[in-house]
$ cat structure-v2.txt   # compact mmCIF, C-alpha atoms
# COMPACT_ATOMS: atom_id res chain seq x y z
CA GLY A 30 -32.21 -11.07 45.46
CA VAL A 31 -31.60 -11.92 41.83
CA GLN A 32 -28.95 -9.70 40.24
CA ALA A 33 -30.24 -7.68 37.30
CA PHE A 34 -29.44 -4.60 35.21
CA ARG A 35 -31.23 -1.97 33.15
CA LEU A 36 -30.88 -2.48 29.39
CA LYS A 37 -29.11 0.34 27.55
CA PRO A 38 -27.11 0.86 24.35
CA GLN A 39 -23.47 -0.17 24.28
CA ASP A 40 -20.77 0.75 21.77
CA LEU A 41 -20.04 -2.59 20.12
CA SER A 42 -17.34 -1.30 17.80
CA THR A 43 -14.08 -3.22 17.94
CA SER A 44 -10.91 -1.24 17.53
CA ILE A 45 -7.18 -1.05 18.05
CA HIS A 46 -5.39 1.84 19.69
CA THR A 47 -2.15 3.47 18.62
CA SER A 48 -0.66 6.96 18.39
CA GLY A 49 1.29 9.16 16.03
CA LYS A 50 2.01 12.72 14.95
CA VAL A 51 0.10 15.09 12.70
CA GLU A 52 1.77 15.43 9.31
CA SER A 53 0.94 17.11 6.03
CA ALA A 54 -0.59 15.03 3.25
CA GLY A 55 0.72 17.60 0.76
CA VAL A 56 4.49 18.15 1.03
CA VAL A 57 6.43 19.76 -1.81
CA GLU A 58 10.17 20.31 -2.10
CA ILE A 59 11.05 23.52 -3.92
CA THR A 60 14.10 22.80 -6.10
CA THR A 61 15.92 24.71 -8.80
CA GLU A 62 18.56 24.27 -11.48
CA MET A 63 19.59 27.91 -11.10
CA THR A 64 23.17 28.53 -9.99
CA GLY A 65 22.94 32.28 -9.46
CA GLN A 66 22.84 34.30 -6.28
CA ILE A 67 19.56 34.92 -4.44
CA THR A 68 18.85 38.67 -4.34
CA GLU A 69 15.37 38.59 -2.75
CA LEU A 70 14.03 36.23 -0.08
CA PRO A 71 10.70 37.59 1.23
CA VAL A 72 9.87 34.46 3.28
CA SER A 73 11.15 32.97 6.53
CA LEU A 74 11.00 29.58 8.21
CA GLY A 75 7.50 28.99 9.60
CA ASP A 76 5.80 31.51 7.30
CA HIS A 77 2.42 30.63 5.84
CA VAL A 78 2.37 31.23 2.08
CA GLN A 79 -0.38 31.15 -0.50
CA GLN A 80 -0.11 29.46 -3.88
CA GLY A 81 1.57 31.90 -6.28
CA ASP A 82 3.39 33.91 -3.58
CA VAL A 83 6.99 34.87 -4.43
CA LEU A 84 9.43 32.67 -2.50
CA CYS A 85 12.74 34.05 -3.81
CA VAL A 86 14.30 35.90 -6.75
CA PHE A 87 17.64 35.08 -8.38
CA ASP A 88 20.15 37.60 -9.76
CA GLY A 89 19.63 37.62 -13.53
CA GLN A 90 22.44 40.01 -14.52
CA GLU A 91 24.81 37.26 -15.70
CA ILE A 92 22.05 35.48 -17.64
CA ARG A 93 20.97 38.71 -19.33
CA GLN A 94 24.61 39.46 -20.28
CA GLN A 95 25.02 35.94 -21.74
CA ILE A 96 21.81 36.40 -23.73
CA ALA A 97 23.02 39.78 -25.04
CA ASP A 98 26.41 38.34 -26.03
CA LEU A 99 24.86 35.41 -27.90
CA GLU A 100 22.29 37.62 -29.61
CA ASN A 101 25.14 39.93 -30.71
CA GLN A 102 27.05 36.93 -32.10
CA ASP A 103 23.97 35.87 -34.02
CA ALA A 104 23.46 39.41 -35.33
CA GLN A 105 27.07 39.55 -36.59
CA ALA A 106 26.64 36.13 -38.19
CA ARG A 107 23.44 37.32 -39.88
CA LYS A 108 25.25 40.39 -41.25
CA GLU A 109 28.00 38.19 -42.72
CA VAL A 110 25.46 35.82 -44.28
CA ASP A 111 23.50 38.75 -45.73
CA ARG A 112 26.76 40.18 -47.18
CA GLN A 113 27.56 36.81 -48.81
CA ARG A 114 24.07 36.54 -50.23
CA ARG A 115 24.18 40.07 -51.70
CA ARG A 116 27.55 39.32 -53.38
CA LEU A 117 26.37 35.98 -54.77
CA GLN A 118 23.12 37.57 -55.94
CA GLN A 119 25.15 40.14 -57.87
CA ASP A 120 27.18 37.30 -59.40
CA LEU A 121 23.96 35.55 -60.39
CA ASP A 122 22.51 38.72 -61.92
CA THR A 123 25.72 39.24 -63.93
CA ALA A 124 25.70 35.61 -65.12
CA LYS A 125 22.07 35.91 -66.18
CA ALA A 126 22.81 39.10 -68.15
CA GLN A 127 25.77 37.41 -69.86
CA GLN A 128 23.66 34.36 -70.66
CA GLN A 129 20.94 36.57 -72.09
CA ALA A 130 23.53 38.30 -74.35
CA ALA A 131 24.95 34.90 -75.43
CA ALA A 132 21.46 33.67 -76.25
CA SER A 133 20.87 36.79 -78.34
CA MET A 134 24.15 36.24 -80.24
CA GLN A 135 23.20 32.59 -80.87
CA ALA A 136 19.83 33.67 -82.28
CA SER A 137 21.54 36.17 -84.61
CA ALA A 138 24.07 33.54 -85.84
CA GLN A 139 21.25 31.06 -86.42
CA GLU A 140 19.33 33.65 -88.47
CA MET A 141 22.44 34.54 -90.55
CA TYR A 142 23.24 30.89 -91.20
CA GLN A 143 19.69 30.20 -92.38
CA LYS A 144 19.78 33.16 -94.80
CA VAL A 145 23.12 32.06 -96.29
CA VAL A 146 21.84 28.51 -96.75
CA ASN A 147 18.63 29.83 -98.39
CA GLY A 148 20.66 32.18 -100.70
CA GLU A 149 19.05 35.21 -99.18
CA MET A 150 22.43 36.52 -98.12
CA GLU A 151 25.94 36.28 -99.58
CA GLY A 152 28.59 34.47 -97.47
CA ASP A 153 30.52 31.27 -96.96
CA ALA A 154 28.16 28.75 -95.38
CA GLU A 155 30.97 26.91 -93.63
CA THR A 156 32.32 30.08 -92.05
CA VAL A 157 28.84 31.12 -90.91
CA LEU A 158 28.26 27.61 -89.49
CA GLY A 159 31.47 27.98 -87.44
CA GLN A 160 30.22 31.27 -86.05
CA LEU A 161 26.88 29.64 -85.09
CA SER A 162 28.69 26.81 -83.31
CA ASP A 163 30.82 29.29 -81.36
CA ALA A 164 27.66 31.23 -80.34
CA GLN A 165 25.98 28.01 -79.19
CA ASN A 166 28.98 27.04 -77.08
CA ALA A 167 29.15 30.54 -75.57
CA ASN A 168 25.43 30.33 -74.69
CA ALA A 169 25.85 26.90 -73.10
CA GLU A 170 28.77 28.13 -71.00
CA ALA A 171 26.75 31.20 -69.93
CA ALA A 172 23.83 28.94 -68.92
CA SER A 173 26.23 26.76 -66.86
CA ALA A 174 27.57 29.90 -65.18
CA VAL A 175 23.99 30.89 -64.23
CA SER A 176 23.35 27.42 -62.73
CA ALA A 177 26.61 27.58 -60.77
CA ALA A 178 25.82 31.07 -59.45
CA GLN A 179 22.30 29.97 -58.44
CA GLU A 180 23.67 26.89 -56.63
CA ALA A 181 26.23 29.01 -54.78
CA LEU A 182 23.46 31.37 -53.64
CA ASN A 183 21.24 28.48 -52.53
CA SER A 184 24.02 26.79 -50.56
CA VAL A 185 24.99 29.74 -48.38
CA ASP A 186 25.77 28.31 -44.91
CA GLU A 187 23.41 29.93 -42.39
CA SER A 188 24.30 27.58 -39.50
CA ALA A 189 26.33 30.30 -37.79
CA VAL A 190 23.11 32.35 -37.44
CA THR A 191 21.33 29.59 -35.51
CA GLN A 192 24.25 27.91 -33.72
CA ASN A 193 23.32 29.67 -30.46
CA SER A 194 19.55 29.07 -30.66
CA ALA A 195 19.47 26.08 -28.25
CA GLN A 196 21.62 27.88 -25.68
CA LEU A 197 19.57 31.05 -26.07
CA GLN A 198 16.34 29.10 -25.53
CA LYS A 199 17.75 27.58 -22.33
CA LEU A 200 18.93 30.98 -21.06
CA ARG A 201 15.54 32.57 -21.78
CA GLN A 202 13.85 29.75 -19.86
CA GLN A 203 16.20 30.42 -16.95
CA LEU A 204 15.31 34.10 -17.18
CA ASN A 205 11.66 33.09 -16.62
CA GLN A 206 12.76 30.99 -13.63
CA LEU A 207 14.49 33.85 -11.81
CA THR A 208 11.34 34.37 -9.73
CA VAL A 209 10.31 31.25 -7.80
CA THR A 210 6.66 31.10 -6.66
CA ALA A 211 4.82 28.75 -4.32
CA PRO A 212 3.16 25.83 -6.18
CA GLN A 213 0.77 25.31 -3.24
CA SER A 214 -0.36 27.00 -0.04
CA GLY A 215 1.12 25.92 3.27
CA ILE A 216 3.80 26.45 5.88
CA ILE A 217 7.52 26.68 5.13
CA THR A 218 8.89 23.91 7.34
CA SER A 219 12.41 23.82 5.91
CA LEU A 220 14.48 26.71 4.52
CA ASN A 221 17.86 25.86 3.02
CA VAL A 222 18.87 29.27 1.56
CA SER A 223 19.45 32.83 2.65
CA ARG A 224 19.65 36.14 0.84
CA GLY A 225 22.95 36.34 -1.05
CA SER A 226 23.51 32.59 -1.03
CA ILE A 227 23.96 30.37 -4.08
CA PRO A 228 21.64 27.37 -3.62
CA ASN A 229 22.46 23.76 -4.36
CA GLY A 230 19.30 21.86 -5.37
CA SER A 231 16.64 22.18 -2.66
CA LEU A 232 15.52 25.67 -1.68
CA MET A 233 12.80 24.96 0.87
CA ARG A 234 9.90 22.68 1.80
CA ILE A 235 6.23 23.68 1.93
CA GLU A 236 3.73 21.55 3.86
CA ASP A 237 0.01 22.04 3.28
CA ASP A 238 -1.40 22.52 6.80
CA GLY A 239 -4.95 22.35 5.46
CA ASN A 240 -4.50 18.77 4.28
CA LEU A 241 -3.45 16.71 7.28
CA LYS A 242 -2.76 13.05 7.99
CA VAL A 243 -1.45 10.89 10.80
CA THR A 244 1.05 8.08 10.29
CA VAL A 245 0.94 5.43 13.01
CA ASN A 246 2.88 2.28 13.75
CA ILE A 247 0.84 -0.91 13.89
CA ARG A 248 1.70 -3.94 15.99
CA GLU A 249 2.45 -7.15 14.13
CA GLN A 250 -0.55 -8.92 15.68
CA ASP A 251 -2.86 -6.14 14.44
CA ILE A 252 -1.62 -5.38 10.92
CA LEU A 253 -3.70 -8.09 9.18
CA LYS A 254 -6.87 -6.71 10.79
CA ILE A 255 -6.54 -3.30 9.15
CA SER A 256 -7.64 -2.33 5.65
CA GLU A 257 -8.07 0.88 3.68
CA GLY A 258 -11.38 2.65 4.22
CA MET A 259 -11.71 1.84 7.93
CA ASN A 260 -12.85 4.75 10.07
CA ALA A 261 -10.75 6.16 12.89
CA ARG A 262 -11.19 8.43 15.89
CA ILE A 263 -8.42 10.88 16.74
CA THR A 264 -7.93 12.73 20.03
CA CYS A 265 -5.21 15.15 21.08
CA ASP A 266 -4.28 16.24 24.59
CA ALA A 267 -3.09 19.62 23.26
CA VAL A 268 -6.62 20.62 22.19
CA GLY A 269 -8.51 18.60 24.82
CA SER A 270 -9.03 14.85 24.82
CA ASP A 271 -12.82 15.34 24.91
CA GLN A 272 -12.71 16.53 21.27
CA VAL A 273 -12.88 13.58 18.88
CA PHE A 274 -11.91 14.07 15.23
CA SER A 275 -12.86 11.77 12.38
CA GLY A 276 -10.35 10.06 10.14
CA GLN A 277 -10.06 7.22 7.68
CA VAL A 278 -7.36 4.68 6.86
CA ILE A 279 -6.04 5.69 3.42
CA ARG A 280 -2.92 3.52 3.30
CA VAL A 281 -1.64 0.38 4.99
CA ILE A 282 2.08 -0.43 4.91
CA ASN A 283 1.88 -4.16 5.52
CA PHE A 284 5.54 -4.96 5.07
CA ALA A 285 8.30 -4.42 7.59
CA SER A 286 10.47 -1.40 6.83
CA ALA A 287 14.23 -1.75 6.64
CA SER A 288 14.58 0.25 9.86
CA GLY A 289 12.58 -2.37 11.73
CA GLY A 290 10.20 0.26 13.04
CA SER A 291 11.04 3.03 15.48
CA ASP A 292 7.72 2.40 17.21
CA ALA A 293 6.58 5.98 16.90
CA GLY A 294 3.13 4.63 17.56
CA GLY A 295 4.06 4.02 21.17
CA GLU A 296 2.84 0.45 21.18
CA GLY A 297 5.51 -1.04 23.39
CA GLY A 298 8.30 -1.85 20.96
CA SER A 299 6.46 -4.42 18.84
CA GLY A 300 5.88 -2.15 15.83
CA GLY A 301 7.98 -4.29 13.50
CA GLY A 302 7.94 -1.53 10.87
CA TYR A 303 4.24 -1.94 9.97
CA SER A 304 2.28 1.30 9.72
CA ALA A 305 -0.87 2.96 8.46
CA THR A 306 -1.77 6.43 7.25
CA ILE A 307 -4.94 8.07 8.56
CA SER A 308 -6.57 11.04 6.82
CA LEU A 309 -7.89 13.86 9.00
CA GLU A 310 -11.16 15.70 8.50
CA PRO A 311 -10.55 19.25 7.20
CA GLY A 312 -10.91 22.21 9.52
CA THR A 313 -9.52 20.63 12.69
CA PRO A 314 -7.55 22.84 15.11
CA LEU A 315 -4.71 20.31 15.04
CA LEU A 316 -1.30 21.61 14.03
CA LEU A 317 1.62 19.98 12.23
CA GLY A 318 3.73 17.94 14.64
CA MET A 319 1.10 17.52 17.35
CA SER A 320 0.98 14.13 19.08
CA VAL A 321 -2.38 12.37 18.78
CA LYS A 322 -4.03 9.15 19.91
CA VAL A 323 -5.73 7.10 17.22
CA GLU A 324 -8.45 4.48 17.52
CA ILE A 325 -8.92 2.48 14.31
CA LEU A 326 -12.41 0.98 14.17
CA LEU A 327 -12.10 -2.58 12.91
CA ASP A 328 -15.89 -3.05 13.10
CA ASP A 329 -17.74 0.25 13.31
CA ALA A 330 -20.92 -1.28 14.78
CA GLY A 331 -21.80 1.79 16.86
CA GLU A 332 -24.21 1.80 19.80
CA GLN A 333 -26.85 -0.92 20.05
CA LEU A 334 -28.98 -2.44 22.82
CA ALA A 335 -26.73 -5.13 24.22
CA VAL A 336 -26.40 -7.54 27.14
CA PRO A 337 -23.43 -9.44 28.57
CA TYR A 338 -23.03 -12.59 26.47
CA ASP A 339 -23.67 -14.81 29.50
CA ALA A 340 -27.12 -13.23 30.00
CA ILE A 341 -28.29 -15.02 26.84
CA ALA A 342 -29.63 -18.59 27.16
CA PRO A 343 -29.93 -20.86 24.10
CA ASP A 344 -32.59 -23.59 23.97
CA ASP A 345 -32.28 -27.03 22.39
CA GLU A 346 -33.49 -25.72 19.02
CA GLY A 347 -30.82 -23.05 18.85
CA ASN A 348 -33.09 -20.10 19.71
CA SER A 349 -31.82 -17.40 22.09
CA TYR A 350 -33.62 -16.03 25.12
CA ILE A 351 -33.09 -13.49 27.83
CA TYR A 352 -35.15 -13.08 31.00
CA ARG A 353 -36.80 -9.78 31.81
CA ALA A 354 -38.17 -8.78 35.23
CA VAL A 355 -41.55 -7.03 34.83
CA GLU A 356 -42.68 -4.86 37.73
CA GLN A 357 -46.20 -5.57 39.02
CA GLU A 358 -48.70 -3.14 40.57
CA ASP A 359 -47.74 -4.24 44.06
CA GLY A 360 -44.07 -3.50 43.41
CA THR A 361 -43.03 -7.10 42.98
CA TYR A 362 -41.32 -8.51 39.87
CA ILE A 363 -42.32 -11.44 37.65
CA VAL A 364 -39.79 -13.12 35.33
CA GLU A 365 -40.69 -13.09 31.64
CA GLN A 366 -38.85 -15.06 28.94
CA VAL A 367 -38.08 -12.94 25.84
CA ALA A 368 -37.00 -14.51 22.55
CA VAL A 369 -34.22 -12.37 21.04
CA THR A 370 -32.07 -12.29 17.96
CA ALA A 371 -28.40 -12.03 18.81
CA GLY A 372 -26.39 -9.60 16.71
CA VAL A 373 -22.90 -8.15 16.76
CA ALA A 374 -20.74 -9.51 19.55
CA GLY A 375 -18.14 -7.33 21.21
CA GLU A 376 -15.53 -8.37 23.71
CA TYR A 377 -18.10 -8.47 26.56
CA TYR A 378 -21.49 -7.50 25.14
CA THR A 379 -23.74 -8.98 22.47
CA ALA A 380 -26.38 -6.95 20.63
CA VAL A 381 -29.95 -8.27 21.06
CA THR A 382 -33.17 -7.32 19.29
CA ALA A 383 -36.83 -8.21 19.91
CA GLU A 384 -40.07 -6.49 19.00
CA ASP A 385 -40.96 -5.34 22.49
CA LEU A 386 -37.43 -4.90 23.87
CA LYS A 387 -36.60 -1.36 24.85
CA GLU A 388 -34.02 0.67 26.70
CA GLY A 389 -34.55 0.59 30.46
CA ASP A 390 -35.96 -2.95 30.60
CA ILE A 391 -34.69 -4.88 33.62
CA ILE A 392 -32.71 -7.95 32.48
CA ILE A 393 -31.63 -10.85 34.69
CA ASN A 394 -27.85 -11.36 34.75
CA ASP A 395 -27.91 -15.17 35.05
CA PRO A 396 -30.70 -16.76 32.98
CA TYR A 397 -30.14 -20.12 34.66
CA MET A 398 -31.13 -18.73 38.08
CA VAL A 399 -34.78 -18.04 37.09
CA THR A 400 -37.72 -19.54 35.22
CA GLU A 401 -40.67 -18.13 33.27
CA GLY A 402 -43.32 -16.68 35.61
CA GLN A 403 -41.14 -16.79 38.73
CA LYS A 404 -41.69 -14.03 41.30
CA VAL A 405 -38.33 -12.55 42.29
CA GLU A 406 -36.73 -9.94 44.46
CA LEU A 407 -34.18 -7.92 42.51
CA TYR A 408 -30.73 -6.66 43.31
CA LEU A 409 -30.09 -3.64 40.98
CA PRO A 410 -26.59 -2.20 41.45
CA GLU A 411 -25.71 1.23 40.10
CA ASP A 412 -25.44 1.29 36.31
CA GLU A 413 -21.72 2.14 36.26
CA ASP A 414 -21.03 -0.95 38.42
CA LEU A 415 -23.21 -3.03 36.17
CA TYR A 416 -21.54 -2.09 32.88
CA PRO A 417 -17.79 -2.58 33.13
CA ASP A 418 -15.66 -0.44 30.82
CA GLN A 419 -15.04 -2.35 27.60
CA GLU A 420 -11.74 -0.60 27.18
$ encode --input "structure-v2.txt" --output "structure tokens"
Amino acid sequence: GVQAFRLKPQDLSTSIHTSGKVESAGVVEITTEMTGQITELPVSLGDHVQQGDVLCVFDGQEIRQQIADLENQDAQARKEVDRQRRRLQQDLDTAKAQQQAAASMQASAQEMYQKVVNGEMEGDAETVLGQLSDAQNANAEAASAVSAAQEALNSVDESAVTQNSAQLQKLRQQLNQLTVTAPQSGIITSLNVSRGSIPNGSLMRIEDDGNLKVTVNIREQDILKISEGMNARITCDAVGSDQVFSGQVIRVINFASASGGSDAGGEGGSGGGYSATISLEPGTPLLLGMSVKVEILLDDAGEQLAVPYDAIAPDDEGNSYIYRAVEQEDGTYIVEQVAVTAGVAGEYYTAVTAEDLKEGDIIINDPYMVTEGQKVELYLPEDEDLYPDQE
């Protein structure tokens, strides 16, 4: 009999396979410039914290004492400045009173001189003129004394009052940093301090377990096929390989790393340092550190009616045909030529479309073994034998 098969959809997506580990897409290192001792540490390695939770508290006694000492210095400096200002203000008030008296004496001498000159009053004009000149000089000196006293008051050095302001501002900022809170929710995956210790830089690491990714190594022969935005399928033996999770390529590292690639992707030592980052759909049961298998879909064609590429026969005009066996009332089969449009081609199958083509149609394997209208006996193996695994 003529070998044939029943038409059914095939997954024509092309893909590459690799593997990797589940990581967090949101990792934050908690650092500090504080040099004090940690007095409270309410968290432990592996704890899940929420944004805003207290991570640790530093001893603020030394900072508070430094602030008090500097504020006391400033207060003493302010007292000294105020004392100087009060003394100089008194000097200014005295100078103003003396200048006012000198001005009054000058006015009296001017009036006397005018009367003598006008003959309204007896006296030696020259003598009176000398007195007026002396009064004018005394008034000028008094006015200069007022200016000098005012300048002295205006130039009081107040720098001692504010010399500690920058240091005080820094200390007050540190006082606000005594309590360290979580900037994001997640799991504490690294803890570098303990209660009573004095930290040096990094305190701990928080990884957001609700925002996951997978980093995979990519073989050199595959790296140019991958681009951002491609879809991916992720499976994990730990949760059952029958569960498939969706992902997307969000980053492609298409240059070899200095390490030459540790081949964490498990692709047989040809990683070459190339890698890709795959996002994971939210809400998966996957945990940080779990090993996963990743299939990156180079062409996400999906399932379509398809036949083995050698079941398609082209004619001289470039049209494509397949041959369908149509069952007759007496149980025999007649060969029918069907014009098809060839679509996406996979490694073994090619998608075909025609108006009256449907799933379950019986298609002849070798189109060159039959002709239009031929009556044939069919050999129909089991479907799983007919459709070899594309993997």
$ closest_residue --input "structure-v2.txt" --among "A:Arg93, A:Arg224, A:Lys37, A:Arg201" --to "Val72 (chain A)" --atoms "only C-alpha atoms"
A:Arg224
$ atom_distance --input "structure-v2.txt" --atom1 "CA of Ile325 (chain A)" --atom2 "CA of Gly55 (chain A)"
22.5 Å
$ residues_around --input "structure-v2.txt" --residues "Ala261 (chain A)" --least-positions-apart "5" --cutoff "10 Å" --atoms "all atoms listed in the file" --output "PDB file with C-alpha atoms, in the frame of the given file"
ATOM      1  CA  SER A  44     -10.910  -1.240  17.530  1.00  0.00           C
ATOM      2  CA  ILE A  45      -7.180  -1.050  18.050  1.00  0.00           C
ATOM      3  CA  HIS A  46      -5.390   1.840  19.690  1.00  0.00           C
ATOM      4  CA  VAL A 273     -12.880  13.580  18.880  1.00  0.00           C
ATOM      5  CA  PHE A 274     -11.910  14.070  15.230  1.00  0.00           C
ATOM      6  CA  SER A 275     -12.860  11.770  12.380  1.00  0.00           C
ATOM      7  CA  GLY A 276     -10.350  10.060  10.140  1.00  0.00           C
ATOM      8  CA  GLN A 277     -10.060   7.220   7.680  1.00  0.00           C
ATOM      9  CA  VAL A 278      -7.360   4.680   6.860  1.00  0.00           C
ATOM     10  CA  ILE A 307      -4.940   8.070   8.560  1.00  0.00           C
ATOM     11  CA  SER A 308      -6.570  11.040   6.820  1.00  0.00           C
ATOM     12  CA  LEU A 309      -7.890  13.860   9.000  1.00  0.00           C
ATOM     13  CA  VAL A 323      -5.730   7.100  17.220  1.00  0.00           C
ATOM     14  CA  GLU A 324      -8.450   4.480  17.520  1.00  0.00           C
ATOM     15  CA  ILE A 325      -8.920   2.480  14.310  1.00  0.00           C
ATOM     16  CA  LEU A 326     -12.410   0.980  14.170  1.00  0.00           C
ATOM     17  CA  LEU A 327     -12.100  -2.580  12.910  1.00  0.00           C
ATOM     18  CA  ASP A 329     -17.740   0.250  13.310  1.00  0.00           C
TER      19      ASP A 329
END
$ residues_around --input "structure-v2.txt" --residues "Leu99 (chain A)" --least-positions-apart "6" --cutoff "10 Å" --atoms "all atoms listed in the file" --output "PDB file with C-alpha atoms, in the coordinates of the input"
ATOM      1  CA  ARG A  93      20.970  38.710 -19.330  1.00  0.00           C
ATOM      2  CA  GLN A 105      27.070  39.550 -36.590  1.00  0.00           C
ATOM      3  CA  GLN A 192      24.250  27.910 -33.720  1.00  0.00           C
ATOM      4  CA  ASN A 193      23.320  29.670 -30.460  1.00  0.00           C
ATOM      5  CA  SER A 194      19.550  29.070 -30.660  1.00  0.00           C
ATOM      6  CA  GLN A 196      21.620  27.880 -25.680  1.00  0.00           C
ATOM      7  CA  LEU A 197      19.570  31.050 -26.070  1.00  0.00           C
TER       8      LEU A 197
END
$ residues_around --input "structure-v2.txt" --residues "region 156-161 of chain A" --least-positions-apart "6" --cutoff "8 Å" --atoms "only C-alpha atoms" --output "VMD selection string"
chain A and resid 135 138 to 139 141 to 142 145
$ residues_around --input "structure-v2.txt" --residues "region 75-80 of chain A" --least-positions-apart "5" --cutoff "6 Å" --atoms "only C-alpha atoms" --output "number ranges by chain"
A: 211-218
$ closest_residue --input "structure-v2.txt" --among "A:Gln333, A:Gln32, A:Gln357, A:Ser188" --to "Val373 (chain A)" --atoms "all atoms listed in the file"
A:Gln333
$ atom_distance --input "structure-v2.txt" --atom1 "CA of Val209 (chain A)" --atom2 "CA of Ile96 (chain A)"
20.3 Å
$ atom_distance --input "structure-v2.txt" --atom1 "CA of Thr306 (chain A)" --atom2 "CA of Ser219 (chain A)"
22.5 Å
$ residues_around --input "structure-v2.txt" --residues "region 124-132 of chain A" --least-positions-apart "4" --cutoff "7 Å" --atoms "only C-alpha atoms" --output "compact mmCIF listing (two decimals) with C-alpha atoms, keeping the file's coordinate frame"
# COMPACT_ATOMS: atom_id res chain seq x y z
CA ASP A 120 27.18 37.30 -59.40
CA ALA A 136 19.83 33.67 -82.28
CA ALA A 164 27.66 31.23 -80.34
CA ALA A 167 29.15 30.54 -75.57
CA ASN A 168 25.43 30.33 -74.69
CA ALA A 171 26.75 31.20 -69.93
CA ALA A 172 23.83 28.94 -68.92
CA ALA A 174 27.57 29.90 -65.18
CA VAL A 175 23.99 30.89 -64.23
$ closest_residue --input "structure-v2.txt" --among "A:Ser304, A:Asn221, A:Ile227, A:Gly372" --to "Leu74 (chain A)" --atoms "only C-alpha atoms"
A:Asn221
$ closest_residue --input "structure-v2.txt" --among "A:Thr370, A:Gln119, A:Asn394, A:Asn260" --to "Gly331 (chain A)" --atoms "all atoms listed in the file"
A:Asn260
$ closest_residue --input "structure-v2.txt" --among "A:Val51, A:Ile392, A:Ile263, A:Cys85" --to "Leu316 (chain A)" --atoms "all atoms listed in the file"
A:Val51
$ closest_residue --input "structure-v2.txt" --among "A:Gln39, A:Asn147, A:Ser226, A:Thr47" --to "Gly65 (chain A)" --atoms "all atoms listed in the file"
A:Ser226
$ residues_near_point --input "structure-v2.txt" --point "(-37.9, -14.9, 29.6)" --cutoff "12 Å" --atoms "only C-alpha atoms" --output "PyMOL selection string"
chain A and resi 340-344+349-355+363-369+383+386+391-403
$ write_last_selection --input "structure-v2.txt" --atoms "C-alpha atoms" --output "CSV table (one decimal), keeping the file's coordinate frame"
chain,number,residue,atom,x,y,z
A,340,ALA,CA,-27.1,-13.2,30.0
A,341,ILE,CA,-28.3,-15.0,26.8
A,342,ALA,CA,-29.6,-18.6,27.2
A,343,PRO,CA,-29.9,-20.9,24.1
A,344,ASP,CA,-32.6,-23.6,24.0
A,349,SER,CA,-31.8,-17.4,22.1
A,350,TYR,CA,-33.6,-16.0,25.1
A,351,ILE,CA,-33.1,-13.5,27.8
A,352,TYR,CA,-35.2,-13.1,31.0
A,353,ARG,CA,-36.8,-9.8,31.8
A,354,ALA,CA,-38.2,-8.8,35.2
A,355,VAL,CA,-41.6,-7.0,34.8
A,363,ILE,CA,-42.3,-11.4,37.6
A,364,VAL,CA,-39.8,-13.1,35.3
A,365,GLU,CA,-40.7,-13.1,31.6
A,366,GLN,CA,-38.8,-15.1,28.9
A,367,VAL,CA,-38.1,-12.9,25.8
A,368,ALA,CA,-37.0,-14.5,22.6
A,369,VAL,CA,-34.2,-12.4,21.0
A,383,ALA,CA,-36.8,-8.2,19.9
A,386,LEU,CA,-37.4,-4.9,23.9
A,391,ILE,CA,-34.7,-4.9,33.6
A,392,ILE,CA,-32.7,-8.0,32.5
A,393,ILE,CA,-31.6,-10.8,34.7
A,394,ASN,CA,-27.8,-11.4,34.8
A,395,ASP,CA,-27.9,-15.2,35.0
A,396,PRO,CA,-30.7,-16.8,33.0
A,397,TYR,CA,-30.1,-20.1,34.7
A,398,MET,CA,-31.1,-18.7,38.1
A,399,VAL,CA,-34.8,-18.0,37.1
A,400,THR,CA,-37.7,-19.5,35.2
A,401,GLU,CA,-40.7,-18.1,33.3
A,402,GLY,CA,-43.3,-16.7,35.6
A,403,GLN,CA,-41.1,-16.8,38.7
